[in-house]
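S.K.: Dropping the structure in here first, questions after.
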Amino acid sequence: MASPCRLILALDVETKEEALALARPLVGKLVWVKLGLQLFTRHGPAIVDEFHALGFKVFLDLKLHDIPNTVSSAIKSLKGRPCSLLTLHASGGPEMLARAVETAKEALPDCRLLAVTVLTSMDQNQLNAIGVERSPEEQVRLLGRMAIQAGIHGLVCSPLELPWLRRDLGSSPDLVTPGIRYPEARGDDQNRVMTPAQAAQQGASFIVVGRPILKASDPIAETLKIRKEIGELS
Ligand code: C5P
């Protein structure tokens with residue numbers, strides 16, 4: 001049986017203090033949090049330890065993209081940090097990805113590496129502007145296959161990409177998807193969306209949810225509701 005889908009809360013706020021204030025009440029009610037570039041560049045890598053010490057598993061969303069040696073060195077610099085998921089850009093190429101996988105085996109043995117294929121901000125015009133003639137979907141497929149072949153453990157993808165990525169890649173890669181919304185809550189910058197239950201049914205390993213929980217009148221209730229809906233809690 002496929003493993004259940006899990007909820008990751010995206011702590012997209014300016015400061016560690018704000019993030020802690022949002023996360024503390026959720027200790028014991030939520031397993032995963034996502035820390036991104038904004039908090040990492042402000043507070044440094046020790047922020048991973050702090051959220052882990054509270055009892056959370058940490059998804060570190062750094063979207064690394066550089067020459068293989070530099071990405072590998074950055075991963076070495078994270079050695080021993082308790083992060084369980086880490087992102088890189090697939091467009092860094094197979095050599096960068098393979099080196100990252102090799103380095104992470106030693107430096108972060110309990111961390112799974114996720115590749116970002118095409119950012120949700122990139123449409124056909126944006127791709128053409130950087131010399132990519134393929135459609136966004138073709139580009140996602142190409143980069144996704146390449147990343148998994150390079151040894152990467154999973155992909156960040158849009159929920160609408162889940163059905164065909166699952167068909168293409170099989171059941172083992174982690175497919176991690178933002179773009180989660182309820183129909184009544186459309187209207188911010190997420191355009192290509194699904195509900196939590198739909199994403200779970202379509203094969204998401206993890207859903208990443210930010211504002212629907214962070215801005216909810218009762219974030220604890222919203223968290224538990226979503227975890228039940230995706231089958232993470234019975
Ligand atoms: O939209 P929400 O607040 O739920 O965002 C959760 C995550 O979705 C963010 O941390 C970001 O990584 C991602 N995101 C995205 N495309 C957008 C906006 C946010 O993929 N347009």
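Following the order of the structure tokens, chains are lettered A, B, ..., residues in each are numbered from 1, and ligands are numbered from 1.
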Counting only C-alpha atoms and all ligand atoms, which residues in chain A sit no more than 8 Å from ligand 1? For each one, give the nearest pair of atoms and the distance in Å, sorted by chain then residue number, as a tab-separated table.
M.R.:
```
residue	atom	partner	partner_atom_place_in_ligand_line	distance
A:Leu9	CA	ligand 1	6 (C)	7.7
A:Ala10	CA	ligand 1	10 (O)	4.9
A:Leu11	CA	ligand 1	10 (O)	7.1
A:Asp12	CA	ligand 1	10 (O)	5.9
A:Lys34	CA	ligand 1	10 (O)	7.3
A:Gly36	CA	ligand 1	10 (O)	7.1
A:Asp61	CA	ligand 1	12 (O)	7.6
A:Leu119	CA	ligand 1	20 (O)	7.0
A:Thr120	CA	ligand 1	16 (N)	5.2
A:Ser121	CA	ligand 1	21 (N)	6.2
A:Ser158	CA	ligand 1	20 (O)	7.3
A:Thr177	CA	ligand 1	20 (O)	7.8
A:Pro178	CA	ligand 1	8 (O)	4.3
A:Gly179	CA	ligand 1	1 (O)	5.8
A:Ile180	CA	ligand 1	4 (O)	6.0
A:Arg181	CA	ligand 1	4 (O)	7.4
A:Asp188	CA	ligand 1	1 (O)	7.6
A:Asp189	CA	ligand 1	21 (N)	4.8
A:Gln190	CA	ligand 1	21 (N)	4.6
A:Asn191	CA	ligand 1	21 (N)	7.2
A:Val208	CA	ligand 1	6 (C)	5.4
A:Val209	CA	ligand 1	4 (O)	3.9
A:Gly210	CA	ligand 1	3 (O)	3.4
A:Arg211	CA	ligand 1	3 (O)	3.7
A:Pro212	CA	ligand 1	4 (O)	6.0
A:Ile213	CA	ligand 1	4 (O)	7.8
A:Leu214	CA	ligand 1	3 (O)	7.8
```
S.K.: Could those residues be written to a file, using C-alpha atoms, as a CSV table (one decimal), in the first residue's frame?
M.R.:
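Result file selection.csv:
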```
chain,number,residue,atom,x,y,z
A,9,LEU,CA,3.4,23.6,7.2
A,10,ALA,CA,5.3,26.4,5.3
A,11,LEU,CA,6.6,28.9,7.9
A,12,ASP,CA,6.8,31.7,5.4
A,34,LYS,CA,9.2,24.0,6.1
A,36,GLY,CA,12.8,28.6,3.6
A,61,ASP,CA,13.7,24.7,1.2
A,119,LEU,CA,9.1,27.2,-10.7
A,120,THR,CA,5.4,27.9,-10.5
A,121,SER,CA,6.2,31.5,-11.5
A,158,SER,CA,2.4,21.4,-8.9
A,177,THR,CA,3.3,19.6,-3.7
A,178,PRO,CA,2.4,23.2,-2.7
A,179,GLY,CA,-0.6,24.9,-4.4
A,180,ILE,CA,-3.2,23.5,-1.9
A,181,ARG,CA,-6.4,25.4,-1.5
A,188,ASP,CA,-4.0,34.8,-3.9
A,189,ASP,CA,-1.0,33.9,-6.1
A,190,GLN,CA,-1.7,30.2,-6.2
A,191,ASN,CA,-3.5,29.5,-9.6
A,208,VAL,CA,3.0,22.0,1.6
A,209,VAL,CA,0.5,24.4,3.0
A,210,GLY,CA,1.2,27.9,4.2
A,211,ARG,CA,-1.4,30.7,4.2
A,212,PRO,CA,-4.5,28.5,4.5
A,213,ILE,CA,-3.2,27.4,8.0
A,214,LEU,CA,-1.2,30.5,9.0
```
S.K.: Env of Ser3 in chain A: 12 Å cut, atoms = only C-alpha atoms, seq-sep filter 2 positions within chain, self excluded. Answer as a PyMOL selection string.
M.R.: chain A and resi 1+5-6+171-175+200-201+203-206+230-232
S.K.: At a cut-off of 12 Å, using only C-alpha atoms, what residues contact Ala53 in chain A? Leave out same-chain residues fewer than 6 positions from it and give the result as a CSV table (one decimal) with C-alpha atoms, in the first residue's frame.
M.R.:
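Final file, result12.csv:
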```
chain,number,residue,atom,x,y,z
A,20,LEU,CA,8.1,30.0,16.7
A,23,ALA,CA,4.7,26.6,15.5
A,24,ARG,CA,4.8,26.2,19.3
A,27,VAL,CA,3.8,20.9,18.8
A,46,ALA,CA,21.0,26.9,13.6
A,47,ILE,CA,17.3,27.6,13.0
A,81,ARG,CA,21.9,19.4,10.9
A,82,PRO,CA,18.6,17.7,11.7
A,83,CYS,CA,17.0,18.4,8.3
```
S.K.: Residues of range 25-104 of chain A that have any atom at most 7 Å from an atom of range 133-155 of chain A: could you tabulate them with the shortest-distance atom pair and the distance in Å to one decimal, using only C-alpha atoms, ordered by chain and increasing number, as JSON lines?
M.R.:
```
{"residue": "A:Ala90", "atom": "CA", "partner": "A:Ala147", "partner_atom": "CA", "distance": 5.9}
{"residue": "A:Ser91", "atom": "CA", "partner": "A:Leu143", "partner_atom": "CA", "distance": 6.8}
{"residue": "A:Pro94", "atom": "CA", "partner": "A:Ala150", "partner_atom": "CA", "distance": 5.7}
{"residue": "A:Leu97", "atom": "CA", "partner": "A:Ala150", "partner_atom": "CA", "distance": 6.1}
{"residue": "A:Ala98", "atom": "CA", "partner": "A:Ala150", "partner_atom": "CA", "distance": 5.1}
{"residue": "A:Val101", "atom": "CA", "partner": "A:Gly151", "partner_atom": "CA", "distance": 6.4}
```
S.K.: Could you give me the residues within range 9-218 of chain A that DSSP places in alpha helix (DSSP H), as a PyMOL selection string?
M.R.: chain A and resi 16-23+37-43+46-53+68-77+94-107+124-129+136-149+162-169+196-201+211-214
